[in-house]
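For reference, structure39.tsv is printed below; it contains TSV, C-alpha atoms.
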```tsv
chain	number	residue	atom	x	y	z
A	1	MET	CA	0.00	0.00	0.00
A	2	GLN	CA	2.72	2.37	0.96
A	3	GLY	CA	4.77	1.38	-2.03
A	4	ALA	CA	1.85	1.89	-4.37
A	5	GLN	CA	1.25	5.34	-2.98
A	6	ARG	CA	4.87	6.32	-3.35
A	7	GLY	CA	4.94	4.93	-6.85
A	8	THR	CA	1.85	6.82	-7.80
A	9	ARG	CA	3.25	10.07	-6.51
A	10	SER	CA	6.47	9.75	-8.49
A	11	TRP	CA	4.57	8.74	-11.60
A	12	VAL	CA	2.40	11.76	-11.27
A	13	SER	CA	5.36	14.05	-10.68
A	14	ARG	CA	7.09	12.76	-13.80
A	15	ILE	CA	4.10	13.55	-15.94
A	16	THR	CA	3.42	17.01	-14.61
A	17	PRO	CA	6.62	18.64	-13.41
A	18	TRP	CA	5.37	22.18	-13.70
A	19	ALA	CA	2.55	21.42	-11.30
A	20	GLU	CA	5.08	20.48	-8.58
A	21	SER	CA	7.46	23.39	-8.94
A	22	GLY	CA	5.23	26.22	-7.84
A	23	ALA	CA	4.13	27.46	-11.22
A	24	LYS	CA	3.31	31.07	-11.71
A	25	PRO	CA	-0.24	31.63	-12.92
A	26	LEU	CA	-0.24	31.85	-16.65
A	27	SER	CA	-2.21	35.02	-16.81
A	28	HIS	CA	-0.87	37.44	-14.25
A	29	PRO	CA	-1.90	41.05	-13.99
A	30	GLY	CA	-0.41	43.31	-16.65
A	31	CYS	CA	0.33	40.50	-19.06
A	32	HIS	CA	-1.09	41.42	-22.44
A	33	GLU	CA	0.94	38.97	-24.44
A	34	SER	CA	-0.43	36.01	-22.64
A	35	CYS	CA	0.32	33.72	-25.55
A	36	PHE	CA	3.97	34.71	-25.49
A	37	CYS	CA	4.19	34.29	-21.75
A	38	GLN	CA	2.58	30.93	-22.01
A	39	TRP	CA	4.97	29.83	-24.70
A	40	TRP	CA	8.03	31.16	-22.92
A	41	GLN	CA	7.18	29.60	-19.63
A	42	SER	CA	6.45	26.22	-21.13
A	43	LEU	CA	9.63	26.39	-23.15
A	44	HIS	CA	11.66	27.33	-20.11
A	45	ARG	CA	10.28	24.67	-17.89
A	46	THR	CA	10.13	21.70	-20.18
A	47	MET	CA	12.46	21.98	-23.11
A	48	LEU	CA	15.26	24.27	-21.99
A	49	ARG	CA	15.68	22.76	-18.57
A	50	GLY	CA	15.45	19.26	-20.00
A	51	VAL	CA	17.83	19.88	-22.89
A	52	LEU	CA	20.32	21.88	-20.83
A	53	GLY	CA	20.23	19.34	-18.08
A	54	LYS	CA	20.81	16.53	-20.53
A	55	THR	CA	23.66	18.40	-22.19
A	56	PHE	CA	25.39	19.04	-18.90
A	57	ARG	CA	24.96	15.44	-17.91
A	58	LEU	CA	26.41	14.29	-21.23
A	59	VAL	CA	29.37	16.62	-20.90
A	60	GLY	CA	29.93	15.45	-17.36
A	61	TYR	CA	29.93	11.80	-18.36
A	62	THR	CA	32.26	12.53	-21.26
A	63	ILE	CA	34.72	14.27	-18.99
A	64	GLN	CA	34.55	11.50	-16.43
A	65	TYR	CA	35.07	8.67	-18.91
A	66	GLY	CA	37.74	10.63	-20.75
A	67	CYS	CA	39.66	11.03	-17.51
A	68	ILE	CA	39.29	7.35	-16.69
A	69	ALA	CA	40.55	6.49	-20.18
A	70	HIS	CA	43.51	8.83	-19.77
A	71	CYS	CA	44.44	7.26	-16.44
A	72	ALA	CA	44.11	3.78	-17.91
A	73	PHE	CA	46.29	4.55	-20.93
A	74	GLU	CA	48.85	6.46	-18.93
A	75	TYR	CA	49.28	4.20	-15.95
A	76	VAL	CA	48.03	0.75	-16.94
A	77	GLY	CA	48.22	0.06	-20.64
A	78	GLY	CA	46.39	0.09	-23.92
A	79	VAL	CA	45.99	-1.30	-27.38
A	80	VAL	CA	48.41	-0.05	-30.02
A	81	MET	CA	48.57	-0.49	-33.77
A	82	CYS	CA	52.08	-0.74	-35.18
A	83	SER	CA	53.07	0.27	-38.67
A	84	GLY	CA	56.34	-0.11	-40.50
A	85	PRO	CA	58.67	-2.96	-41.41
A	86	SER	CA	61.39	-2.42	-38.84
A	87	MET	CA	60.28	-5.12	-36.39
A	88	GLU	CA	59.65	-7.97	-38.84
A	89	PRO	CA	59.23	-10.89	-38.40
A	90	THR	CA	58.14	-10.36	-34.79
A	91	ILE	CA	55.67	-7.58	-35.53
A	92	GLN	CA	54.41	-7.06	-39.08
A	93	ASN	CA	52.95	-3.92	-40.57
A	94	SER	CA	49.52	-2.98	-39.12
A	95	ASP	CA	49.56	-5.52	-36.32
A	96	ILE	CA	47.58	-4.75	-33.21
A	97	VAL	CA	49.39	-5.34	-29.94
A	98	PHE	CA	48.79	-4.79	-26.27
A	99	ALA	CA	51.17	-2.49	-24.42
A	100	GLU	CA	51.51	-2.01	-20.70
A	101	ASN	CA	52.94	1.01	-18.92
A	102	LEU	CA	53.56	-0.40	-15.46
A	103	SER	CA	57.13	-1.51	-16.21
A	104	ARG	CA	58.10	1.97	-17.19
A	105	HIS	CA	56.88	3.51	-13.95
A	106	PHE	CA	58.56	0.86	-11.85
A	107	TYR	CA	61.74	0.95	-13.93
A	108	GLY	CA	61.42	-2.71	-14.84
A	109	ILE	CA	62.39	-2.64	-18.51
A	110	GLN	CA	64.75	-5.52	-19.27
A	111	ARG	CA	67.05	-6.39	-22.16
A	112	GLY	CA	65.09	-8.09	-24.91
A	113	ASP	CA	61.84	-6.24	-24.19
A	114	ILE	CA	60.00	-4.63	-27.05
A	115	VAL	CA	59.19	-1.06	-26.06
A	116	ILE	CA	57.28	1.88	-27.42
A	117	ALA	CA	59.18	5.14	-27.11
A	118	LYS	CA	58.82	8.72	-28.29
A	119	SER	CA	60.90	9.32	-31.36
A	120	PRO	CA	64.00	11.40	-30.54
A	121	SER	CA	63.74	13.31	-33.79
A	122	ASP	CA	60.00	13.98	-33.70
A	123	PRO	CA	58.34	14.19	-30.29
A	124	LYS	CA	54.85	13.66	-31.65
A	125	SER	CA	55.50	10.22	-33.14
A	126	ASN	CA	56.27	6.95	-31.45
A	127	ILE	CA	58.74	4.24	-32.34
A	128	CYS	CA	58.59	0.57	-31.51
A	129	LYS	CA	61.91	-1.25	-31.05
A	130	ARG	CA	63.60	-3.87	-28.95
A	131	VAL	CA	65.87	-2.98	-26.02
A	132	ILE	CA	69.30	-4.38	-26.74
A	133	GLY	CA	71.28	-2.71	-23.98
A	134	LEU	CA	70.69	-0.88	-20.73
A	135	GLU	CA	72.95	1.72	-19.13
A	136	GLY	CA	76.50	0.61	-18.74
A	137	ASP	CA	76.33	-2.15	-21.36
A	138	LYS	CA	78.89	-2.48	-24.12
A	139	ILE	CA	77.20	-2.62	-27.53
A	140	LEU	CA	78.79	-4.11	-30.61
A	141	THR	CA	78.10	-1.54	-33.30
A	142	SER	CA	80.12	-2.90	-36.19
A	143	SER	CA	78.51	-5.50	-38.42
A	144	PRO	CA	79.64	-9.10	-37.86
A	145	SER	CA	81.50	-9.18	-41.16
A	146	ASP	CA	83.83	-6.30	-40.19
A	147	PHE	CA	87.31	-7.25	-39.11
A	148	PHE	CA	87.78	-4.38	-36.66
A	149	LYS	CA	85.03	-4.56	-34.07
A	150	SER	CA	83.83	-1.27	-32.66
A	151	HIS	CA	81.99	-0.93	-29.37
A	152	ASN	CA	79.84	1.72	-27.78
A	153	TYR	CA	79.06	2.05	-24.11
A	154	VAL	CA	75.49	2.97	-23.23
A	155	PRO	CA	75.60	6.06	-20.94
A	156	THR	CA	73.74	6.28	-17.64
A	157	GLY	CA	70.03	6.88	-17.94
A	158	HIS	CA	69.92	5.70	-21.57
A	159	VAL	CA	68.95	2.55	-23.47
A	160	TRP	CA	70.03	1.14	-26.80
A	161	LEU	CA	67.21	0.18	-29.15
A	162	GLU	CA	67.32	-1.86	-32.32
A	163	GLY	CA	64.61	-3.17	-34.60
A	164	ASP	CA	64.42	-6.87	-35.35
A	165	ASN	CA	64.65	-6.22	-39.09
A	166	LEU	CA	68.23	-4.98	-39.01
A	167	GLN	CA	68.45	-4.16	-42.69
A	168	ASN	CA	65.40	-1.90	-42.64
A	169	SER	CA	65.36	-0.13	-39.32
A	170	THR	CA	66.51	3.31	-38.18
A	171	ASP	CA	67.30	2.84	-34.53
A	172	SER	CA	70.09	3.51	-32.08
A	173	ARG	CA	72.64	2.54	-34.69
A	174	TYR	CA	71.53	5.72	-36.44
A	175	TYR	CA	70.65	8.19	-33.69
A	176	GLY	CA	72.50	6.78	-30.71
A	177	PRO	CA	71.18	5.63	-27.34
A	178	ILE	CA	67.98	7.29	-26.22
A	179	PRO	CA	67.20	8.49	-22.68
A	180	TYR	CA	65.07	6.22	-20.53
A	181	GLY	CA	62.56	9.05	-20.06
A	182	LEU	CA	61.39	8.70	-23.66
A	183	ILE	CA	60.11	5.14	-23.19
A	184	ARG	CA	56.33	5.04	-23.05
A	185	GLY	CA	55.45	1.38	-22.55
A	186	ARG	CA	56.33	-2.26	-23.11
A	187	ILE	CA	54.68	-4.48	-25.69
A	188	PHE	CA	54.16	-8.02	-24.56
A	189	PHE	CA	51.14	-9.50	-26.33
A	190	LYS	CA	49.92	-9.53	-29.88
A	191	ILE	CA	46.18	-9.39	-30.55
A	192	TRP	CA	45.86	-9.18	-34.35
A	193	PRO	CA	46.30	-11.03	-36.72
A	194	LEU	CA	44.69	-13.92	-34.97
A	195	SER	CA	47.07	-16.38	-36.60
A	196	ASP	CA	49.84	-14.79	-34.55
A	197	PHE	CA	47.89	-14.30	-31.33
A	198	GLY	CA	49.96	-14.63	-28.17
A	199	PHE	CA	53.09	-13.53	-26.40
A	200	LEU	CA	55.89	-12.11	-28.53
A	201	ARG	CA	58.95	-14.07	-29.49
A	202	ASP	CA	62.52	-13.47	-28.51
A	203	SER	CA	64.81	-11.58	-30.79
A	204	PRO	CA	65.63	-13.46	-33.99
A	205	ASN	CA	69.11	-11.90	-33.95
A	206	GLY	CA	70.30	-13.47	-30.72
A	207	HIS	CA	72.34	-11.46	-28.27
A	208	ARG	CA	74.31	-8.71	-29.86
A	209	PHE	CA	75.97	-7.22	-26.86
A	210	SER	CA	78.97	-8.39	-24.93
A	211	ASP	CA	79.30	-7.71	-21.25
A	212	ASP	CA	82.58	-8.69	-19.79
B	1	MET	CA	18.95	-3.19	11.97
B	2	ALA	CA	17.86	-3.13	8.36
B	3	GLN	CA	17.91	0.66	8.40
B	4	SER	CA	21.51	0.94	9.68
B	5	GLN	CA	22.68	-1.65	7.15
B	6	GLY	CA	20.95	0.29	4.41
B	7	TRP	CA	22.70	3.44	5.58
B	8	VAL	CA	26.14	1.81	5.45
B	9	ARG	CA	25.55	0.39	2.02
B	10	ARG	CA	24.30	3.71	0.71
B	11	TYR	CA	27.32	5.48	2.13
B	12	ALA	CA	29.70	2.93	0.61
B	13	LYS	CA	28.00	3.25	-2.75
B	14	ALA	CA	28.20	7.03	-2.66
B	15	PHE	CA	31.84	6.89	-1.63
B	16	CYS	CA	32.74	4.55	-4.47
B	17	LYS	CA	30.88	6.66	-6.98
B	18	GLY	CA	32.61	9.81	-5.78
B	19	PHE	CA	35.98	8.09	-5.68
B	20	PHE	CA	35.78	6.89	-9.24
B	21	VAL	CA	34.80	10.33	-10.41
B	22	ALA	CA	37.21	12.41	-8.37
B	23	VAL	CA	40.41	10.41	-8.65
B	24	PRO	CA	40.61	10.07	-12.46
B	25	VAL	CA	39.58	13.69	-12.97
B	26	ALA	CA	42.15	14.95	-10.48
B	27	VAL	CA	44.92	12.77	-11.88
B	28	THR	CA	44.11	13.81	-15.44
B	29	PHE	CA	44.06	17.46	-14.42
B	30	LEU	CA	47.42	17.23	-12.71
B	31	ASP	CA	48.93	15.36	-15.65
B	32	ARG	CA	47.49	17.36	-18.50
B	33	VAL	CA	46.68	20.84	-17.28
B	34	ALA	CA	48.79	22.07	-14.40
B	35	CYS	CA	50.41	21.04	-11.17
B	36	VAL	CA	52.46	22.58	-8.43
B	37	ALA	CA	56.05	21.85	-7.58
B	38	ARG	CA	58.77	23.04	-5.26
B	39	VAL	CA	62.12	24.01	-6.67
B	40	GLU	CA	65.30	22.89	-4.98
B	41	GLY	CA	68.84	23.79	-5.80
B	42	ALA	CA	70.76	26.79	-6.97
B	43	SER	CA	71.18	26.22	-10.67
B	44	MET	CA	68.50	28.73	-11.68
B	45	GLN	CA	69.56	31.62	-9.45
B	46	PRO	CA	68.68	34.47	-9.45
B	47	SER	CA	65.43	33.68	-11.25
B	48	LEU	CA	64.44	30.81	-8.98
B	49	ASN	CA	65.44	30.25	-5.36
B	50	PRO	CA	67.29	33.52	-4.91
B	51	GLY	CA	67.27	32.96	-1.18
B	52	GLY	CA	69.23	29.76	-1.45
B	53	SER	CA	68.44	27.08	1.06
B	54	GLN	CA	66.41	29.35	3.35
B	55	SER	CA	63.33	29.40	1.17
B	56	SER	CA	62.38	27.19	-1.77
B	57	ASP	CA	60.21	28.66	-4.46
B	58	VAL	CA	56.93	27.00	-5.24
B	59	VAL	CA	56.00	27.10	-8.89
B	60	LEU	CA	53.06	26.30	-11.11
B	61	LEU	CA	53.87	23.87	-13.90
B	62	ASN	CA	51.76	24.48	-16.96
B	63	HIS	CA	51.36	21.16	-18.79
B	64	TRP	CA	48.75	22.51	-21.15
B	65	LYS	CA	51.21	24.77	-22.92
B	66	VAL	CA	53.49	21.94	-24.06
B	67	ARG	CA	50.80	19.59	-25.26
B	68	ASN	CA	52.17	20.16	-28.78
B	69	PHE	CA	55.79	20.27	-27.66
B	70	GLU	CA	56.18	23.88	-28.79
B	71	VAL	CA	58.47	25.99	-26.67
B	72	GLN	CA	60.15	29.32	-27.29
B	73	ARG	CA	63.70	30.39	-26.58
B	74	GLY	CA	63.84	31.82	-23.10
B	75	ASP	CA	61.07	29.69	-21.62
B	76	ILE	CA	61.78	28.00	-18.34
B	77	VAL	CA	60.89	24.33	-18.65
B	78	SER	CA	60.88	21.27	-16.50
B	79	LEU	CA	62.10	18.01	-17.97
B	80	VAL	CA	63.11	14.47	-17.09
B	81	SER	CA	66.85	14.36	-16.50
B	82	PRO	CA	68.60	12.42	-19.28
B	83	LYS	CA	71.08	11.03	-16.79
B	84	ASN	CA	68.59	9.84	-14.20
B	85	PRO	CA	65.02	9.14	-15.29
B	86	GLU	CA	63.72	9.40	-11.73
B	87	GLN	CA	64.76	13.02	-11.40
B	88	LYS	CA	63.22	16.11	-12.93
B	89	ILE	CA	65.18	19.25	-13.59
B	90	ILE	CA	64.17	22.86	-14.30
B	91	LYS	CA	66.17	24.81	-16.86
B	92	ARG	CA	65.80	27.57	-19.40
B	93	VAL	CA	65.53	26.88	-23.15
B	94	ILE	CA	68.44	28.55	-24.89
B	95	ALA	CA	68.18	27.17	-28.41
B	96	LEU	CA	65.70	25.20	-30.51
B	97	GLU	CA	66.32	22.65	-33.25
B	98	GLY	CA	68.56	23.89	-36.02
B	99	ASP	CA	70.24	26.60	-33.95
B	100	ILE	CA	73.99	26.65	-33.41
B	101	VAL	CA	75.01	27.12	-29.79
B	102	LYS	CA	78.30	28.38	-28.43
B	103	THR	CA	78.77	26.11	-25.46
B	104	MET	CA	80.37	26.72	-22.08
B	105	GLY	CA	82.20	23.68	-20.86
B	106	HIS	CA	80.94	21.18	-23.42
B	107	LYS	CA	83.38	18.98	-25.25
B	108	ASN	CA	82.59	20.72	-28.57
B	109	ARG	CA	82.87	24.47	-28.81
B	110	TYR	CA	79.94	24.90	-31.19
B	111	VAL	CA	77.01	22.50	-31.33
B	112	LYS	CA	74.18	22.41	-33.83
B	113	VAL	CA	70.98	21.34	-32.11
B	114	PRO	CA	69.57	18.32	-34.01
B	115	ARG	CA	65.97	17.94	-35.10
B	116	GLY	CA	63.54	17.28	-32.27
B	117	HIS	CA	66.00	18.48	-29.61
B	118	ILE	CA	66.49	21.62	-27.54
B	119	TRP	CA	69.41	23.13	-25.66
B	120	VAL	CA	68.76	23.97	-22.02
B	121	GLU	CA	70.91	25.81	-19.51
B	122	GLY	CA	70.51	26.93	-15.96
B	123	ASP	CA	70.75	30.63	-15.20
B	124	HIS	CA	73.52	30.11	-12.67
B	125	HIS	CA	76.27	29.11	-15.04
B	126	GLY	CA	78.89	26.89	-13.55
B	127	HIS	CA	76.51	25.52	-10.90
B	128	SER	CA	74.14	23.83	-13.27
B	129	PHE	CA	73.80	20.34	-14.69
B	130	ASP	CA	72.41	21.18	-18.10
B	131	SER	CA	73.06	20.75	-21.80
B	132	ASN	CA	76.65	21.84	-21.26
B	133	SER	CA	77.03	18.49	-19.53
B	134	PHE	CA	74.67	16.15	-21.33
B	135	GLY	CA	74.28	17.78	-24.74
B	136	PRO	CA	71.04	18.64	-26.52
B	137	CYS	CA	67.93	17.16	-25.02
B	138	GLY	CA	64.96	15.57	-26.83
B	139	THR	CA	61.83	17.68	-26.89
B	140	ALA	CA	59.76	14.69	-25.89
B	141	GLN	CA	61.34	14.76	-22.45
B	142	LEU	CA	59.75	18.09	-21.71
B	143	LEU	CA	57.26	17.95	-18.96
B	144	CYS	CA	55.97	21.47	-18.93
B	145	PRO	CA	56.94	25.09	-19.07
B	146	LYS	CA	56.79	26.98	-15.85
B	147	ASP	CA	54.60	29.97	-15.33
B	148	LEU	CA	56.91	32.63	-13.94
B	149	ASP	CA	54.19	34.73	-12.32
B	150	GLY	CA	53.15	31.62	-10.50
B	151	ILE	CA	49.93	31.23	-8.62
B	152	PHE	CA	50.66	29.17	-5.58
B	153	VAL	CA	47.71	26.85	-5.63
B	154	LEU	CA	48.40	24.14	-3.10
B	155	VAL	CA	46.82	21.18	-4.82
B	156	GLY	CA	49.72	18.81	-4.56
B	157	LEU	CA	53.44	19.12	-4.06
B	158	GLU	CA	56.06	17.46	-6.20
B	159	MET	CA	59.77	17.75	-5.58
B	160	ILE	CA	61.76	19.03	-8.49
B	161	THR	CA	65.49	19.22	-8.09
B	162	ALA	CA	67.38	21.82	-10.05
B	163	ALA	CA	70.67	20.83	-8.62
B	164	ILE	CA	74.24	20.33	-9.72
```

Final structure tokens representation of the file:
Amino acid sequence: MQGAQRGTRSWVSRITPWAESGAKPLSHPGCHESCFCQWWQSLHRTMLRGVLGKTFRLVGYTIQYGCIAHCAFEYVGGVVMCSGPSMEPTIQNSDIVFAENLSRHFYGIQRGDIVIAKSPSDPKSNICKRVIGLEGDKILTSSPSDFFKSHNYVPTGHVWLEGDNLQNSTDSRYYGPIPYGLIRGRIFFKIWPLSDFGFLRDSPNGHRFSDD
Amino acid sequence: MAQSQGWVRRYAKAFCKGFFVAVPVAVTFLDRVACVARVEGASMQPSLNPGGSQSSDVVLLNHWKVRNFEVQRGDIVSLVSPKNPEQKIIKRVIALEGDIVKTMGHKNRYVKVPRGHIWVEGDHHGHSFDSNSFGPCGTAQLLCPKDLDGIFVLVGLEMITAAI
């Protein structure tokens, strides 16, 4: 009984909102343009308030979900599409992979990880390469066929990146070691194409650094 | 009994709803728009920390201005240190990409700033760990330019070391 009464009241209030909110009489003294007043008041109470309220609610939800998405992409991880041939055969052109950002914040990037980093020559684009050496490592920079081997030491706070497709990759052999602060995330799982679904393989080039 | 349980559950629900709205919005605001930081060190004297160790300046970091990575010469910026990714440093932008810089204490006398890099120096020359030590710095490491006429809004405090 009580529930029915309550339900009836709310049903009634939904149908006739202007009756609840202390409506001004539609024809008050001195109102010659009663049609205009009528129209304006009904517009104000039903449409404007409803539309404005809905717009604000929509904007509020957009802001809230946008912020949640930003926090998720920045601190947890996200889905990334890779383009370019420099990581073949591990990652082909237009593969979709899953990247996580937790390792970067906890400084847990290891040798052999595939990372996404900001490009050192263009801060708006990202590059996707494999970490060959961390700070302090000695990197073999000459090709294996050279007689005189040349080495580079990776300075503190930097990493050495190389693509898996050594013939077709501009990486640290071209622009040198990049600072750790440019790394954005670590790729560890491939989603698309489905034939290649799963965790990513180790480097096809084997170890190319010597630490003695 | 049922009423007090209902009250607890309602409170928990309201708390969770508020939490999941407030925390992401606050974190996004501090990451993308602006945040507050305290400056330590003497490498930007006399512009920042003129009083030395007696009083540290508190500054407003404007993230919104570098969302496109566009800075001007003379801006004071905060960036991740290339030598230690856990540390952030505050320096002034001296030269942009393509400029040729006459260095003070670098191994080369003249350096051309490569594409996508900037040259930063502290105002207190000689007491500053800046591009004269580590060379040109990638623009992507920029965190934010600093608003010199800072409004000291105490939303959160982050330690920024502008040290040797």

Q: Do a neighbour search on Ile100 in chain B at 8 Å with all atoms listed in the file, toss out local chain neighbours closer than 4 positions, and write the hits as a PyMOL selection string.
A: chain B and resi 95+110-113

Q: Select residues of chain A: the criterion is any atom within 12 Å of an atom of chain B, counting all atoms listed in the file; output as a VMD selection string.
A: chain A and resid 60 to 75 104 to 107 117 to 126 135 to 136 154 to 159 175 177 to 184

**Q.** d(CA of Ser55 in chain B, CA of Ala42 in chain B) in Å
**A.** 11.3 Å

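Nearest-residue note for Ser128 in chain B: choosing from B:Gly41, B:Gly6, B:Pro46, B:Gly52, the minimum distance belongs to B:Gly41, counting all atoms listed in the file.
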
(Q) Using Å and a single decimal, report how far CA of Leu102 in chain A sits from CA of Phe19 in chain B. (A)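 Here the two named atoms are 21.8 Å from each other.
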
Q: Give me, please, the distance in Å between CA of Arg92 in chain B and CA of His63 in chain B, quoted to one decimal.
A: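 If I compute the distance from CA of Arg92 in chain B to CA of His63 in chain B, I get 15.8 Å.
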
Q: In the coordinates of the file, take the point (45.3, -2.5, -35.6) and a cut-off of 6 Å; then, counting only C-alpha atoms, name each qualifying protein, DNA or RNA residue as a ChimeraX atom specification.
A: /A:81,94-96

Write out as a short mmCIF file (atom, residue, chain, number, x, y, z; two decimals) with C-alpha atoms, in the coordinates of the input each polymer residue whose atoms come within 6 Å of Ser131 in chain B, counting all atoms listed in the file; drop sequence neighbours fewer than 4 positions from it.
```cif
data_model
loop_
_atom_site.label_atom_id
_atom_site.label_comp_id
_atom_site.auth_asym_id
_atom_site.auth_seq_id
_atom_site.Cartn_x
_atom_site.Cartn_y
_atom_site.Cartn_z
CA TRP B 119 69.41 23.13 -25.66
CA VAL B 120 68.76 23.97 -22.02
CA GLU B 121 70.91 25.81 -19.51
CA GLY B 135 74.28 17.78 -24.74
CA PRO B 136 71.04 18.64 -26.52
#
```

(Q) From the options B:Ser78, B:Cys35, B:Asn132, B:Gly51, which residue's atoms come nearest to Asn108 in chain B, counting all atoms listed in the file? (A) B:Asn132

Quick one: axis-aligned box around all listed atoms of range 53-70 of chain B, 5 Å on every side, centre and edge lengths in Å to one decimal, written as JSON.
```
{"center_x": 58.6, "center_y": 24.5, "center_z": -12.7, "size_x": 29.7, "size_y": 19.8, "size_z": 42.1}
```

Show which residues sit within 7 Å of Pro85 in chain A, as a short mmCIF file (atom, residue, chain, number, x, y, z; two decimals) with C-alpha atoms, keeping the file's coordinate frame. Count all atoms listed in the file, and ignore same-chain residues fewer than 5 positions away.
```cif
data_model
loop_
_atom_site.label_atom_id
_atom_site.label_comp_id
_atom_site.auth_asym_id
_atom_site.auth_seq_id
_atom_site.Cartn_x
_atom_site.Cartn_y
_atom_site.Cartn_z
CA GLN A 92 54.41 -7.06 -39.08
CA ASN A 93 52.95 -3.92 -40.57
CA ASN A 168 65.40 -1.90 -42.64
#
```

What's around Asn205 in chain A at 9 Å? Count all atoms listed in the file, leave out sequence neighbours fewer than 6 positions away in its own chain, and write the answer as a tab-separated table (two decimals) with C-alpha atoms, keeping the file's coordinate frame.
```
chain	number	residue	atom	x	y	z
A	164	ASP	CA	64.42	-6.87	-35.35
A	165	ASN	CA	64.65	-6.22	-39.09
A	166	LEU	CA	68.23	-4.98	-39.01
```

Q | Closest of B:Gln72, B:Ala12, B:Val66, B:Val39 to Ser53 in chain B - atom-to-atom distances counting all atoms listed in the file | A |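 Among B:Gln72, B:Ala12, B:Val66, B:Val39, it is B:Val39 that comes nearest to Ser53 in chain B.
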